[in-house]
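coords19.cif (mmCIF, N, CA and C atoms)
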```cif
data_upload
#
loop_
_atom_site.label_atom_id
_atom_site.label_comp_id
_atom_site.auth_asym_id
_atom_site.auth_seq_id
_atom_site.Cartn_x
_atom_site.Cartn_y
_atom_site.Cartn_z
N MET R 1250 94.08 145.49 170.38
CA MET R 1250 94.33 144.56 169.29
C MET R 1250 94.35 145.29 167.95
N GLU R 1251 93.45 146.23 167.74
CA GLU R 1251 93.40 146.96 166.48
C GLU R 1251 94.68 147.74 166.25
N GLU R 1252 95.31 148.22 167.32
CA GLU R 1252 96.54 148.98 167.20
C GLU R 1252 97.64 148.14 166.57
N ARG R 1253 97.73 146.86 166.91
CA ARG R 1253 98.74 145.98 166.34
C ARG R 1253 98.52 145.79 164.85
N VAL R 1254 97.29 145.66 164.44
CA VAL R 1254 96.99 145.45 163.04
C VAL R 1254 97.32 146.69 162.21
N ALA R 1255 97.02 147.86 162.75
CA ALA R 1255 97.21 149.10 162.01
C ALA R 1255 98.68 149.53 161.94
N LYS R 1256 99.50 149.08 162.85
CA LYS R 1256 100.88 149.51 162.91
C LYS R 1256 101.76 148.65 162.01
N ASN R 1257 102.72 149.27 161.36
CA ASN R 1257 103.68 148.54 160.55
C ASN R 1257 104.89 148.17 161.40
N TYR R 1258 105.06 146.90 161.63
CA TYR R 1258 106.18 146.42 162.43
C TYR R 1258 107.34 146.04 161.53
N LYS R 1259 108.54 146.13 162.08
CA LYS R 1259 109.75 145.80 161.34
C LYS R 1259 110.23 144.40 161.71
N ILE R 1260 111.02 143.84 160.82
CA ILE R 1260 111.71 142.59 161.07
C ILE R 1260 113.15 142.93 161.41
N ALA R 1261 113.68 142.33 162.47
CA ALA R 1261 115.07 142.53 162.85
C ALA R 1261 115.79 141.18 162.80
N VAL R 1262 117.08 141.22 162.49
CA VAL R 1262 117.88 140.01 162.38
C VAL R 1262 119.11 140.14 163.26
N ILE R 1263 119.37 139.11 164.06
CA ILE R 1263 120.59 139.03 164.88
C ILE R 1263 121.32 137.76 164.47
N GLY R 1264 122.58 137.91 164.11
CA GLY R 1264 123.34 136.73 163.71
C GLY R 1264 124.79 137.04 163.45
N ASN R 1265 125.46 136.11 162.80
CA ASN R 1265 126.84 136.34 162.43
C ASN R 1265 126.90 137.28 161.22
N ASN R 1266 128.07 137.64 160.78
CA ASN R 1266 128.23 138.57 159.67
C ASN R 1266 127.51 138.10 158.41
N ARG R 1267 127.62 136.81 158.12
CA ARG R 1267 127.02 136.26 156.90
C ARG R 1267 125.49 136.35 156.93
N ILE R 1268 124.89 136.01 158.06
CA ILE R 1268 123.43 136.10 158.18
C ILE R 1268 122.97 137.55 158.11
N ALA R 1269 123.64 138.43 158.85
CA ALA R 1269 123.26 139.84 158.84
C ALA R 1269 123.36 140.42 157.43
N LEU R 1270 124.44 140.13 156.73
CA LEU R 1270 124.62 140.64 155.38
C LEU R 1270 123.59 140.07 154.42
N GLY R 1271 123.32 138.78 154.54
CA GLY R 1271 122.33 138.14 153.66
C GLY R 1271 120.94 138.75 153.81
N PHE R 1272 120.51 138.97 155.04
CA PHE R 1272 119.20 139.57 155.25
C PHE R 1272 119.19 141.05 154.86
N LYS R 1273 120.31 141.73 155.06
CA LYS R 1273 120.41 143.13 154.64
C LYS R 1273 120.27 143.23 153.12
N MET R 1274 120.89 142.30 152.42
CA MET R 1274 120.79 142.29 150.95
C MET R 1274 119.38 141.98 150.49
N SER R 1275 118.59 141.29 151.32
CA SER R 1275 117.21 140.97 150.95
C SER R 1275 116.26 142.13 151.26
N GLY R 1276 116.79 143.21 151.87
CA GLY R 1276 115.96 144.38 152.10
C GLY R 1276 115.63 144.67 153.54
N ILE R 1277 116.04 143.82 154.46
CA ILE R 1277 115.78 144.07 155.88
C ILE R 1277 116.86 145.02 156.39
N THR R 1278 116.44 146.15 156.91
CA THR R 1278 117.40 147.18 157.32
C THR R 1278 117.87 147.01 158.76
N GLU R 1279 117.09 146.33 159.58
CA GLU R 1279 117.44 146.16 160.99
C GLU R 1279 118.22 144.86 161.17
N THR R 1280 119.48 144.85 160.77
CA THR R 1280 120.31 143.66 160.91
C THR R 1280 121.46 143.95 161.86
N PHE R 1281 121.77 142.98 162.70
CA PHE R 1281 122.79 143.16 163.73
C PHE R 1281 123.72 141.96 163.74
N SER R 1282 125.01 142.21 163.54
CA SER R 1282 126.02 141.17 163.60
C SER R 1282 126.59 141.16 165.01
N VAL R 1283 126.56 139.98 165.65
CA VAL R 1283 127.07 139.86 167.02
C VAL R 1283 128.16 138.80 167.07
N ASN R 1284 129.14 139.04 167.97
CA ASN R 1284 130.28 138.13 168.06
C ASN R 1284 130.50 137.55 169.45
N ASP R 1285 129.87 138.13 170.48
CA ASP R 1285 130.07 137.62 171.83
C ASP R 1285 128.77 137.75 172.63
N SER R 1286 128.78 137.17 173.83
CA SER R 1286 127.57 137.13 174.66
C SER R 1286 127.07 138.52 175.03
N ALA R 1287 127.96 139.39 175.42
CA ALA R 1287 127.54 140.74 175.83
C ALA R 1287 126.86 141.47 174.68
N GLN R 1288 127.43 141.36 173.50
CA GLN R 1288 126.87 142.01 172.32
C GLN R 1288 125.51 141.40 171.95
N ALA R 1289 125.41 140.09 171.98
CA ALA R 1289 124.15 139.41 171.64
C ALA R 1289 123.06 139.76 172.63
N GLU R 1290 123.39 139.73 173.92
CA GLU R 1290 122.39 140.02 174.95
C GLU R 1290 121.93 141.47 174.90
N SER R 1291 122.84 142.41 174.73
CA SER R 1291 122.44 143.82 174.69
C SER R 1291 121.61 144.13 173.45
N THR R 1292 121.98 143.55 172.32
CA THR R 1292 121.21 143.76 171.08
C THR R 1292 119.81 143.19 171.22
N PHE R 1293 119.71 141.97 171.73
CA PHE R 1293 118.40 141.33 171.89
C PHE R 1293 117.54 142.10 172.88
N ARG R 1294 118.13 142.51 173.99
CA ARG R 1294 117.41 143.28 175.01
C ARG R 1294 116.85 144.58 174.40
N GLU R 1295 117.67 145.27 173.63
CA GLU R 1295 117.25 146.52 172.99
C GLU R 1295 116.09 146.29 172.03
N LEU R 1296 116.16 145.22 171.24
CA LEU R 1296 115.09 144.93 170.28
C LEU R 1296 113.79 144.56 170.99
N LEU R 1297 113.89 143.86 172.11
CA LEU R 1297 112.68 143.52 172.87
C LEU R 1297 111.98 144.77 173.40
N GLN R 1298 112.74 145.78 173.74
CA GLN R 1298 112.18 146.99 174.33
C GLN R 1298 111.62 147.96 173.29
N ARG R 1299 112.05 147.83 172.07
CA ARG R 1299 111.55 148.72 171.03
C ARG R 1299 110.10 148.36 170.70
N GLY R 1300 109.32 149.33 170.39
CA GLY R 1300 107.91 149.08 170.08
C GLY R 1300 107.63 148.86 168.61
N ASP R 1301 108.66 148.96 167.76
CA ASP R 1301 108.44 148.87 166.32
C ASP R 1301 108.91 147.55 165.71
N ILE R 1302 109.34 146.61 166.54
CA ILE R 1302 109.83 145.32 166.04
C ILE R 1302 108.75 144.26 166.22
N GLY R 1303 108.37 143.59 165.14
CA GLY R 1303 107.34 142.55 165.20
C GLY R 1303 107.92 141.15 165.18
N ILE R 1304 109.05 140.98 164.47
CA ILE R 1304 109.68 139.67 164.38
C ILE R 1304 111.19 139.85 164.55
N ILE R 1305 111.78 138.99 165.37
CA ILE R 1305 113.23 138.95 165.50
C ILE R 1305 113.69 137.59 164.98
N ILE R 1306 114.48 137.62 163.91
CA ILE R 1306 115.07 136.40 163.38
C ILE R 1306 116.47 136.30 163.98
N MET R 1307 116.76 135.15 164.57
CA MET R 1307 118.02 134.99 165.28
C MET R 1307 118.74 133.74 164.79
N GLY R 1308 120.00 133.90 164.41
CA GLY R 1308 120.81 132.76 164.02
C GLY R 1308 121.07 131.88 165.23
N SER R 1309 121.23 130.58 165.00
CA SER R 1309 121.41 129.64 166.10
C SER R 1309 122.68 129.92 166.91
N ALA R 1310 123.75 130.38 166.26
CA ALA R 1310 124.98 130.69 166.99
C ALA R 1310 124.77 131.91 167.89
N ALA R 1311 124.05 132.91 167.40
CA ALA R 1311 123.75 134.09 168.21
C ALA R 1311 122.86 133.69 169.39
N ARG R 1312 121.93 132.79 169.15
CA ARG R 1312 121.04 132.30 170.22
C ARG R 1312 121.85 131.64 171.33
N LYS R 1313 122.86 130.89 170.96
CA LYS R 1313 123.69 130.19 171.94
C LYS R 1313 124.55 131.14 172.77
N LEU R 1314 124.75 132.36 172.27
CA LEU R 1314 125.53 133.36 173.00
C LEU R 1314 124.74 134.00 174.14
N ILE R 1315 123.41 133.86 174.11
CA ILE R 1315 122.56 134.50 175.12
C ILE R 1315 122.40 133.54 176.30
N HIS R 1316 122.89 133.98 177.46
CA HIS R 1316 122.87 133.13 178.65
C HIS R 1316 121.98 133.67 179.76
N GLU R 1317 121.64 134.96 179.73
CA GLU R 1317 120.82 135.55 180.78
C GLU R 1317 119.44 134.90 180.78
N ARG R 1318 119.04 134.39 181.92
CA ARG R 1318 117.81 133.59 182.05
C ARG R 1318 116.56 134.33 181.55
N ARG R 1319 116.41 135.59 181.92
CA ARG R 1319 115.23 136.35 181.50
C ARG R 1319 115.18 136.46 179.98
N LEU R 1320 116.33 136.64 179.35
CA LEU R 1320 116.37 136.77 177.90
C LEU R 1320 116.10 135.43 177.21
N THR R 1321 116.63 134.35 177.76
CA THR R 1321 116.35 133.04 177.15
C THR R 1321 114.87 132.69 177.28
N ASP R 1322 114.24 133.08 178.38
CA ASP R 1322 112.79 132.89 178.52
C ASP R 1322 112.03 133.70 177.48
N SER R 1323 112.50 134.90 177.20
CA SER R 1323 111.86 135.75 176.20
C SER R 1323 111.96 135.14 174.81
N ILE R 1324 113.08 134.51 174.52
CA ILE R 1324 113.25 133.87 173.21
C ILE R 1324 112.20 132.79 173.04
N THR R 1325 111.97 132.01 174.06
CA THR R 1325 111.03 130.90 174.00
C THR R 1325 109.58 131.35 174.05
N ASN R 1326 109.26 132.36 174.86
CA ASN R 1326 107.87 132.69 175.15
C ASN R 1326 107.34 133.97 174.52
N SER R 1327 108.19 134.77 173.94
CA SER R 1327 107.74 136.06 173.41
C SER R 1327 106.77 135.88 172.24
N ILE R 1328 105.69 136.61 172.30
CA ILE R 1328 104.73 136.62 171.20
C ILE R 1328 104.87 137.91 170.41
N MET R 1329 105.17 138.98 171.10
CA MET R 1329 105.36 140.27 170.43
C MET R 1329 106.57 140.95 171.02
N PRO R 1330 107.68 140.97 170.36
CA PRO R 1330 107.91 140.43 169.03
C PRO R 1330 108.06 138.91 169.04
N LEU R 1331 107.71 138.32 167.93
CA LEU R 1331 107.89 136.88 167.74
C LEU R 1331 109.36 136.63 167.45
N VAL R 1332 109.97 135.68 168.16
CA VAL R 1332 111.38 135.35 167.96
C VAL R 1332 111.47 134.03 167.21
N VAL R 1333 112.15 134.06 166.07
CA VAL R 1333 112.32 132.89 165.22
C VAL R 1333 113.80 132.57 165.14
N GLU R 1334 114.16 131.38 165.56
CA GLU R 1334 115.56 130.96 165.47
C GLU R 1334 115.77 130.18 164.18
N ILE R 1335 116.82 130.55 163.45
CA ILE R 1335 117.13 129.83 162.21
C ILE R 1335 118.48 129.14 162.37
N SER R 1336 118.59 128.00 161.75
CA SER R 1336 119.85 127.26 161.78
C SER R 1336 120.80 127.90 160.79
N GLU R 1337 122.04 128.03 161.18
CA GLU R 1337 123.02 128.67 160.30
C GLU R 1337 123.61 127.70 159.30
N ASP R 1338 123.39 126.42 159.47
CA ASP R 1338 123.91 125.47 158.50
C ASP R 1338 122.84 125.00 157.52
N GLY R 1339 121.64 125.59 157.62
CA GLY R 1339 120.57 125.29 156.68
C GLY R 1339 119.72 124.08 157.04
N GLU R 1340 120.05 123.39 158.10
CA GLU R 1340 119.27 122.23 158.50
C GLU R 1340 118.56 122.49 159.81
N ALA R 1341 117.31 122.07 159.90
CA ALA R 1341 116.56 122.23 161.14
C ALA R 1341 117.13 121.31 162.21
N GLN R 1342 117.19 121.81 163.42
CA GLN R 1342 117.69 121.02 164.53
C GLN R 1342 116.54 120.22 165.13
N ALA R 1343 116.82 119.04 165.61
CA ALA R 1343 115.80 118.19 166.24
C ALA R 1343 115.22 118.91 167.44
N GLY R 1344 113.89 118.92 167.53
CA GLY R 1344 113.23 119.52 168.68
C GLY R 1344 112.93 121.01 168.53
N GLU R 1345 113.41 121.64 167.47
CA GLU R 1345 113.13 123.07 167.27
C GLU R 1345 111.73 123.24 166.70
N ASP R 1346 111.07 124.31 167.11
CA ASP R 1346 109.78 124.64 166.54
C ASP R 1346 109.96 125.09 165.10
N THR R 1347 109.02 124.70 164.25
CA THR R 1347 109.02 125.23 162.90
C THR R 1347 108.37 126.61 162.92
N LEU R 1348 108.56 127.38 161.87
CA LEU R 1348 107.93 128.69 161.79
C LEU R 1348 106.42 128.55 161.89
N ARG R 1349 105.87 127.52 161.27
CA ARG R 1349 104.42 127.28 161.33
C ARG R 1349 103.97 127.09 162.78
N GLN R 1350 104.73 126.31 163.56
CA GLN R 1350 104.37 126.07 164.96
C GLN R 1350 104.49 127.35 165.78
N LEU R 1351 105.51 128.18 165.50
CA LEU R 1351 105.66 129.44 166.22
C LEU R 1351 104.49 130.38 165.94
N ILE R 1352 104.07 130.46 164.69
CA ILE R 1352 102.94 131.32 164.34
C ILE R 1352 101.66 130.80 164.97
N LEU R 1353 101.48 129.50 164.96
CA LEU R 1353 100.30 128.91 165.61
C LEU R 1353 100.28 129.25 167.09
N ARG R 1354 101.43 129.16 167.77
CA ARG R 1354 101.50 129.51 169.19
C ARG R 1354 101.25 131.00 169.41
N ALA R 1355 101.75 131.84 168.50
CA ALA R 1355 101.64 133.29 168.68
C ALA R 1355 100.23 133.81 168.42
N ILE R 1356 99.61 133.35 167.33
CA ILE R 1356 98.32 133.95 166.97
C ILE R 1356 97.16 132.96 166.99
N GLY R 1357 97.47 131.68 167.19
CA GLY R 1357 96.41 130.69 167.31
C GLY R 1357 95.79 130.27 166.00
N ILE R 1358 96.45 130.53 164.89
CA ILE R 1358 95.92 130.15 163.58
C ILE R 1358 96.97 129.31 162.86
N ASP R 1359 96.54 128.17 162.32
CA ASP R 1359 97.45 127.35 161.54
C ASP R 1359 97.48 127.89 160.11
N ILE R 1360 98.60 128.51 159.74
CA ILE R 1360 98.67 129.20 158.44
C ILE R 1360 98.55 128.25 157.27
N THR R 1361 98.89 126.98 157.44
CA THR R 1361 98.78 126.04 156.33
C THR R 1361 97.33 125.70 156.02
N ASN R 1362 96.46 125.89 156.97
CA ASN R 1362 95.03 125.61 156.75
C ASN R 1362 94.29 126.81 156.18
N THR R 1363 94.87 127.99 156.26
CA THR R 1363 94.19 129.20 155.79
C THR R 1363 94.65 129.64 154.41
N ILE R 1364 95.81 129.16 153.97
CA ILE R 1364 96.35 129.56 152.66
C ILE R 1364 96.09 128.44 151.67
N ARG R 1365 95.28 128.73 150.70
CA ARG R 1365 94.97 127.71 149.66
C ARG R 1365 94.73 128.39 148.35
#
```

File written out as structure tokens:
Amino acid sequence: MEERVAKNYKIAVIGNNRIALGFKMSGITETFSVNDSAQAESTFRELLQRGDIGIIIMGSAARKLIHERRLTDSITNSIMPLVVEISEDGEAQAGEDTLRQLILRAIGIDITNTIR
């Protein structure tokens, strides 16, 4: 557990060109633009296997490109790296976990109760 705290993890982004460029402009260097299922699945698989990625932000369109069962299970259940799906139209989809709920599931702490 101490190793995770001491290590600096990176944030990676998988999405369309607009999402990748937007996050790159915000300072995130690990951005990946994907256009088809093979590209999305191979990029996601590679990021899961890397030991330096702590959070994967994934656009909803890129998420829909991933069909391999093992990878879709990883999107839902992965704690390290934590996978966060964002809507590309700016609106949350019904039934999607909020970032707060994902963090609560990953680390067991409700961040809204600890930040005051």

Computed gap from CA of Ile1302 (chain R) to CA of Pro1330 (chain R) is 6.0 Å

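CA of Ile1305 (chain R) is found 11.2 Å from CA of Ile1277 (chain R).
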
For Gln1288 (chain R), the closest of R:Leu1314, R:Gly1303, R:Met1274, R:Ala1269 counting all atoms listed in the file is R:Leu1314

What is the distance, in Å and to one decimal place, between atom C of Ser1286 (chain R) and CA of Ile1315 (chain R)?
->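 These two atoms are separated by 6.0 Å.
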
Can you report as AutoDock Vina command-line options the centre and edge lengths in Å, to one decimal, of an axis-aligned box around the listed atoms of region 1253-1267 of chain R padded with 4 Å on each side?
```
--center_x 112.6 --center_y 142.8 --center_z 161.9 --size_x 39.2 --size_y 21.4 --size_z 18.0
```
